file model_5.cif (mmCIF, C-alpha atoms, pLDDT in the B column; chains and numbers go by the auth columns)
data_work
#
loop_
_atom_site.group_PDB
_atom_site.id
_atom_site.type_symbol
_atom_site.label_atom_id
_atom_site.label_comp_id
_atom_site.label_asym_id
_atom_site.label_seq_id
_atom_site.Cartn_x
_atom_site.Cartn_y
_atom_site.Cartn_z
_atom_site.B_iso_or_equiv
_atom_site.auth_seq_id
_atom_site.auth_asym_id
ATOM 1 C CA MET A 1 -0.627 -13.342 -18.049 48.00 1 W
ATOM 2 C CA PRO A 2 -4.046 -12.652 -19.625 52.00 2 W
ATOM 3 C CA GLU A 3 -4.048 -10.802 -22.900 54.00 3 W
ATOM 4 C CA ILE A 4 -5.837 -7.482 -23.292 53.00 4 W
ATOM 5 C CA HIS A 5 -6.538 -7.034 -26.976 53.00 5 W
ATOM 6 C CA ARG A 6 -3.212 -8.146 -28.368 54.00 6 W
ATOM 7 C CA TYR A 7 -0.912 -6.617 -25.758 56.00 7 W
ATOM 8 C CA TYR A 8 0.289 -8.116 -22.502 56.00 8 W
ATOM 9 C CA LEU A 9 0.047 -6.015 -19.379 59.00 9 W
ATOM 10 C CA SER A 10 3.116 -5.375 -17.309 67.00 10 W
ATOM 11 C CA PRO A 11 3.253 -4.554 -13.612 72.00 11 W
ATOM 12 C CA SER A 12 1.918 -1.162 -12.657 80.00 12 W
ATOM 13 C CA GLN A 13 3.659 0.938 -10.024 87.00 13 W
ATOM 14 C CA ILE A 14 1.257 3.168 -8.104 88.00 14 W
ATOM 15 C CA GLU A 15 1.221 5.226 -4.948 91.00 15 W
ATOM 16 C CA TYR A 16 -0.681 3.107 -2.472 94.00 16 W
ATOM 17 C CA HIS A 17 -1.084 3.305 1.287 95.00 17 W
ATOM 18 C CA PRO A 18 -3.899 3.141 3.882 96.00 18 W
ATOM 19 C CA THR A 19 -5.096 6.684 3.168 95.00 19 W
ATOM 20 C CA LEU A 20 -5.334 6.446 -0.619 94.00 20 W
ATOM 21 C CA ASP A 21 -8.116 4.467 -2.282 92.00 21 W
ATOM 22 C CA GLN A 22 -6.812 2.400 -5.165 92.00 22 W
ATOM 23 C CA THR A 23 -9.850 0.089 -5.397 92.00 23 W
ATOM 24 C CA LYS A 24 -10.401 0.714 -9.116 89.00 24 W
ATOM 25 C CA MET A 25 -6.788 -0.082 -9.908 89.00 25 W
ATOM 26 C CA LEU A 26 -6.774 -3.204 -7.710 91.00 26 W
ATOM 27 C CA ASP A 27 -9.995 -4.481 -9.287 92.00 27 W
ATOM 28 C CA PHE A 28 -8.586 -3.948 -12.777 87.00 28 W
ATOM 29 C CA ALA A 29 -5.329 -5.660 -11.839 88.00 29 W
ATOM 30 C CA ARG A 30 -7.125 -8.678 -10.396 88.00 30 W
ATOM 31 C CA LYS A 31 -9.373 -9.039 -13.446 88.00 31 W
ATOM 32 C CA THR A 32 -6.447 -8.888 -15.855 84.00 32 W
ATOM 33 C CA GLY A 33 -3.781 -10.697 -13.836 83.00 33 W
ATOM 34 C CA MET A 34 -1.669 -7.563 -13.648 86.00 34 W
ATOM 35 C CA LEU A 35 0.722 -7.136 -10.732 89.00 35 W
ATOM 36 C CA ILE A 36 0.531 -3.976 -8.608 92.00 36 W
ATOM 37 C CA THR A 37 3.701 -2.518 -7.127 93.00 37 W
ATOM 38 C CA ALA A 38 2.935 -0.110 -4.278 94.00 38 W
ATOM 39 C CA TYR A 39 5.314 2.780 -3.751 92.00 39 W
ATOM 40 C CA SER A 40 5.116 5.201 -0.834 93.00 40 W
ATOM 41 C CA PRO A 41 3.380 2.588 1.380 94.00 41 W
ATOM 42 C CA LEU A 42 3.819 4.829 4.433 93.00 42 W
ATOM 43 C CA GLY A 43 2.148 7.810 2.794 91.00 43 W
ATOM 44 C CA HIS A 44 5.438 9.660 2.487 85.00 44 W
ATOM 45 C CA TRP A 45 5.905 9.136 6.252 84.00 45 W
ATOM 46 C CA HIS A 46 2.685 10.996 7.061 90.00 46 W
ATOM 47 C CA LEU A 47 1.138 7.834 8.480 93.00 47 W
ATOM 48 C CA LEU A 48 3.844 7.097 11.028 94.00 48 W
ATOM 49 C CA SER A 49 1.965 9.033 13.729 95.00 49 W
ATOM 50 C CA ASN A 50 -1.554 7.864 12.857 96.00 50 W
ATOM 51 C CA GLU A 51 -3.452 6.860 16.022 97.00 51 W
ATOM 52 C CA THR A 52 -5.575 4.176 14.366 98.00 52 W
ATOM 53 C CA LEU A 53 -2.559 2.515 12.796 98.00 53 W
ATOM 54 C CA GLN A 54 -0.701 2.776 16.116 98.00 54 W
ATOM 55 C CA LYS A 55 -3.493 0.840 17.889 98.00 55 W
ATOM 56 C CA ILE A 56 -3.209 -1.930 15.323 98.00 56 W
ATOM 57 C CA ALA A 57 0.585 -1.883 15.572 98.00 57 W
ATOM 58 C CA ASP A 58 0.423 -2.161 19.377 98.00 58 W
ATOM 59 C CA LYS A 59 -1.929 -5.137 19.083 98.00 59 W
ATOM 60 C CA HIS A 60 0.607 -6.949 16.867 98.00 60 W
ATOM 61 C CA SER A 61 3.745 -5.713 18.711 98.00 61 W
ATOM 62 C CA ALA A 62 4.762 -4.124 15.436 98.00 62 W
ATOM 63 C CA SER A 63 5.497 -0.706 13.966 97.00 63 W
ATOM 64 C CA ILE A 64 3.085 1.385 11.947 97.00 64 W
ATOM 65 C CA ALA A 65 5.356 0.861 8.935 97.00 65 W
ATOM 66 C CA GLN A 66 5.002 -2.907 9.326 98.00 66 W
ATOM 67 C CA ILE A 67 1.204 -2.605 9.502 98.00 67 W
ATOM 68 C CA CYS A 68 1.097 -0.517 6.302 98.00 68 W
ATOM 69 C CA ILE A 69 3.333 -3.011 4.506 98.00 69 W
ATOM 70 C CA ALA A 70 1.469 -6.062 5.856 98.00 70 W
ATOM 71 C CA ARG A 71 -1.844 -4.687 4.595 97.00 71 W
ATOM 72 C CA LEU A 72 -0.479 -4.258 1.093 97.00 72 W
ATOM 73 C CA LEU A 73 1.106 -7.708 1.102 97.00 73 W
ATOM 74 C CA GLN A 74 -2.234 -9.218 2.127 96.00 74 W
ATOM 75 C CA GLN A 75 -3.722 -7.504 -0.933 94.00 75 W
ATOM 76 C CA ARG A 76 -1.114 -9.305 -3.067 93.00 76 W
ATOM 77 C CA CYS A 77 0.806 -6.155 -3.887 95.00 77 W
ATOM 78 C CA VAL A 78 4.532 -5.903 -4.276 94.00 78 W
ATOM 79 C CA VAL A 79 5.644 -3.258 -1.770 95.00 79 W
ATOM 80 C CA ILE A 80 8.672 -1.020 -2.170 93.00 80 W
ATOM 81 C CA PRO A 81 9.171 1.054 0.977 93.00 81 W
ATOM 82 C CA LYS A 82 12.096 3.425 0.985 89.00 82 W
ATOM 83 C CA ALA A 83 14.700 2.411 3.551 90.00 83 W
ATOM 84 C CA SER A 84 18.454 2.695 3.800 91.00 84 W
ATOM 85 C CA ALA A 85 19.178 1.764 7.428 94.00 85 W
ATOM 86 C CA ARG A 86 19.753 -1.950 7.948 95.00 86 W
ATOM 87 C CA GLU A 87 17.351 -2.021 10.919 95.00 87 W
ATOM 88 C CA ARG A 88 14.533 -0.480 8.882 94.00 88 W
ATOM 89 C CA ILE A 89 15.118 -2.845 5.977 95.00 89 W
ATOM 90 C CA GLN A 90 14.892 -5.815 8.372 97.00 90 W
ATOM 91 C CA GLU A 91 11.791 -4.351 10.042 96.00 91 W
ATOM 92 C CA ASN A 92 10.119 -3.919 6.654 96.00 92 W
ATOM 93 C CA PHE A 93 11.039 -7.482 5.687 96.00 93 W
ATOM 94 C CA ASN A 94 9.518 -8.822 8.908 97.00 94 W
ATOM 95 C CA ALA A 95 6.163 -7.236 8.014 98.00 95 W
ATOM 96 C CA GLN A 96 5.414 -10.342 5.956 97.00 96 W
ATOM 97 C CA LYS A 97 4.992 -12.274 9.236 97.00 97 W
ATOM 98 C CA ILE A 98 2.077 -10.067 10.338 98.00 98 W
ATOM 99 C CA VAL A 99 -1.446 -11.207 9.526 98.00 99 W
ATOM 100 C CA LEU A 100 -4.065 -8.516 9.911 98.00 100 W
ATOM 101 C CA ASP A 101 -7.484 -9.790 10.924 98.00 101 W
ATOM 102 C CA VAL A 102 -10.907 -8.548 9.842 98.00 102 W
ATOM 103 C CA GLU A 103 -11.097 -6.143 12.781 98.00 103 W
ATOM 104 C CA ASP A 104 -7.728 -4.599 11.857 98.00 104 W
ATOM 105 C CA LEU A 105 -8.779 -4.193 8.233 97.00 105 W
ATOM 106 C CA LYS A 106 -12.078 -2.587 9.242 98.00 106 W
ATOM 107 C CA MET A 107 -10.162 -0.072 11.376 98.00 107 W
ATOM 108 C CA ILE A 108 -7.905 0.756 8.429 97.00 108 W
ATOM 109 C CA ASP A 109 -10.968 1.114 6.191 96.00 109 W
ATOM 110 C CA THR A 110 -12.254 3.926 8.456 96.00 110 W
ATOM 111 C CA LEU A 111 -9.281 6.136 7.546 96.00 111 W
ATOM 112 C CA PRO A 112 -9.800 8.875 4.942 93.00 112 W
ATOM 113 C CA LYS A 113 -8.916 7.600 1.467 91.00 113 W
ATOM 114 C CA SER A 114 -8.102 10.726 -0.533 87.00 114 W
ATOM 115 C CA HIS A 115 -4.546 11.571 0.491 86.00 115 W
ATOM 116 C CA ARG A 116 -2.190 11.492 -2.479 86.00 116 W
ATOM 117 C CA TYR A 117 1.270 12.641 -1.416 84.00 117 W
ATOM 118 C CA VAL A 118 3.264 12.120 -4.608 83.00 118 W
ATOM 119 C CA THR A 119 1.919 14.499 -7.233 74.00 119 W
ATOM 120 C CA PRO A 120 4.669 16.208 -9.196 64.00 120 W
ATOM 121 C CA PRO A 121 3.396 19.543 -10.559 64.00 121 W
ATOM 122 C CA LEU A 122 2.992 19.894 -14.323 61.00 122 W
ATOM 123 C CA ILE A 123 3.306 16.164 -15.134 58.00 123 W
ATOM 124 C CA SER A 124 0.663 14.505 -12.961 60.00 124 W
ATOM 125 C CA PRO A 125 -2.648 13.559 -14.518 61.00 125 W
ATOM 126 C CA LYS A 126 -5.923 14.652 -12.964 64.00 126 W
ATOM 127 C CA TRP A 127 -6.385 11.562 -10.849 59.00 127 W
ATOM 128 C CA ASN A 128 -9.748 9.781 -10.693 59.00 128 W
ATOM 129 C CA GLU A 129 -11.378 11.905 -13.366 55.00 129 W
#
call {"tool": "encode", "arguments": {"input": "model_5.cif", "output": "structure tokens"}}
result
Amino acid sequence: MPEIHRYYLSPSQIEYHPTLDQTKMLDFARKTGMLITAYSPLGHWHLLSNETLQKIADKHSASIAQICIARLLQQRCVVIPKASARERIQENFNAQKIVLDVEDLKMIDTLPKSHRYVTPPLISPKWNE
């Protein structure tokens, strides 16, 4: 792993899903060799009824959850979706078989990118400032 000053970077766990822009963090991670772990990849379940994501899911005979996970995997992120039911765990695992094409990614890029769903009061920093 590349050295920054004299310290090694460890993986960073961040909220990341199709409606939250993490470009700055991804760019930094790529430049430094740091691994990104994406939590809340479904936008705290808010994305499970998104029409754009549903169109992409239909195209791939997949679920919206699988599309969200596949996108993050294609960006070389570790993805940690919350699941307890065996069927959902298997569905999430199968997302690695989905390859989103340029058209799919362009559709995802049209979604708003400012939705942060995990912001505990009192302890969260002022993001992007």
call {"tool": "atom_distance", "arguments": {"input": "model_5.cif", "atom1": "CA of Gly43 (chain W)", "atom2": "CA of His17 (chain W)"}}
result
5.7 Å
call {"tool": "residues_around", "arguments": {"input": "model_5.cif", "residues": "region 36-42 of chain W", "least_positions_apart": "6", "cutoff": "9 Å", "atoms": "all atoms listed in the file", "output": "ChimeraX atom specification"}}
result
/W:11-18,25-26,29,48,64-65,68-69,72,76-82,117-118
call {"tool": "write_last_selection", "arguments": {"input": "model_5.cif", "atoms": "C-alpha atoms", "output": "PDB file, in the coordinates of the input"}}
result
ATOM      1  CA  PRO W  11       3.253  -4.554 -13.612  1.00 72.00           C
ATOM      2  CA  SER W  12       1.918  -1.162 -12.657  1.00 80.00           C
ATOM      3  CA  GLN W  13       3.659   0.938 -10.024  1.00 87.00           C
ATOM      4  CA  ILE W  14       1.257   3.168  -8.104  1.00 88.00           C
ATOM      5  CA  GLU W  15       1.221   5.226  -4.948  1.00 91.00           C
ATOM      6  CA  TYR W  16      -0.681   3.107  -2.472  1.00 94.00           C
ATOM      7  CA  HIS W  17      -1.084   3.305   1.287  1.00 95.00           C
ATOM      8  CA  PRO W  18      -3.899   3.141   3.882  1.00 96.00           C
ATOM      9  CA  MET W  25      -6.788  -0.082  -9.908  1.00 89.00           C
ATOM     10  CA  LEU W  26      -6.774  -3.204  -7.710  1.00 91.00           C
ATOM     11  CA  ALA W  29      -5.329  -5.660 -11.839  1.00 88.00           C
ATOM     12  CA  LEU W  48       3.844   7.097  11.028  1.00 94.00           C
ATOM     13  CA  ILE W  64       3.085   1.385  11.947  1.00 97.00           C
ATOM     14  CA  ALA W  65       5.356   0.861   8.935  1.00 97.00           C
ATOM     15  CA  CYS W  68       1.097  -0.517   6.302  1.00 98.00           C
ATOM     16  CA  ILE W  69       3.333  -3.011   4.506  1.00 98.00           C
ATOM     17  CA  LEU W  72      -0.479  -4.258   1.093  1.00 97.00           C
ATOM     18  CA  ARG W  76      -1.114  -9.305  -3.067  1.00 93.00           C
ATOM     19  CA  CYS W  77       0.806  -6.155  -3.887  1.00 95.00           C
ATOM     20  CA  VAL W  78       4.532  -5.903  -4.276  1.00 94.00           C
ATOM     21  CA  VAL W  79       5.644  -3.258  -1.770  1.00 95.00           C
ATOM     22  CA  ILE W  80       8.672  -1.020  -2.170  1.00 93.00           C
ATOM     23  CA  PRO W  81       9.171   1.054   0.977  1.00 93.00           C
ATOM     24  CA  LYS W  82      12.096   3.425   0.985  1.00 89.00           C
ATOM     25  CA  TYR W 117       1.270  12.641  -1.416  1.00 84.00           C
ATOM     26  CA  VAL W 118       3.264  12.120  -4.608  1.00 83.00           C
TER      27      VAL W 118
END
call {"tool": "closest_residue", "arguments": {"input": "model_5.cif", "among": "W:Thr119, W:Gln66, W:Gln75, W:Thr19", "to": "Phe93 (chain W)", "atoms": "all atoms listed in the file"}}
result
W:Gln66
call {"tool": "residues_around", "arguments": {"input": "model_5.cif", "residues": "Met107 (chain W)", "least_positions_apart": "5", "cutoff": "10 Å", "atoms": "all atoms listed in the file", "output": "MDAnalysis selection string"}}
result
chainID W and resid 52:53 55:56 102
call {"tool": "atom_distance", "arguments": {"input": "model_5.cif", "atom1": "CA of Gln54 (chain W)", "atom2": "CA of Leu100 (chain W)"}}
result
13.3 Å
call {"tool": "atom_distance", "arguments": {"input": "model_5.cif", "atom1": "CA of Arg86 (chain W)", "atom2": "CA of Ala62 (chain W)"}}
result
16.9 Å
call {"tool": "resolve_selection", "arguments": {"input": "model_5.cif", "expression": "the PyMOL selection byres ((chain W and resi 101) around 12)", "output": "NGL selection string"}}
result
:W and (56 or 59-60 or 67 or 70-71 or 74 or 98-100 or 102-108)
call {"tool": "write_last_selection", "arguments": {"input": "model_5.cif", "atoms": "C-alpha atoms", "output": "compact mmCIF listing (two decimals), in the frame of the given file"}}
result
# COMPACT_ATOMS: atom_id res chain seq x y z
CA ILE W 56 -3.21 -1.93 15.32
CA LYS W 59 -1.93 -5.14 19.08
CA HIS W 60 0.61 -6.95 16.87
CA ILE W 67 1.20 -2.60 9.50
CA ALA W 70 1.47 -6.06 5.86
CA ARG W 71 -1.84 -4.69 4.60
CA GLN W 74 -2.23 -9.22 2.13
CA ILE W 98 2.08 -10.07 10.34
CA VAL W 99 -1.45 -11.21 9.53
CA LEU W 100 -4.07 -8.52 9.91
CA VAL W 102 -10.91 -8.55 9.84
CA GLU W 103 -11.10 -6.14 12.78
CA ASP W 104 -7.73 -4.60 11.86
CA LEU W 105 -8.78 -4.19 8.23
CA LYS W 106 -12.08 -2.59 9.24
CA MET W 107 -10.16 -0.07 11.38
CA ILE W 108 -7.90 0.76 8.43
call {"tool": "axis_aligned_box", "arguments": {"input": "model_5.cif", "around": "region 89-103 of chain W", "padding_each_side": "5 Å", "output": "lines of an AutoDock Vina configuration file"}}
result
center_x = 2.0
center_y = -7.6
center_z = 9.2
size_x = 36.2
size_y = 19.4
size_z = 17.1
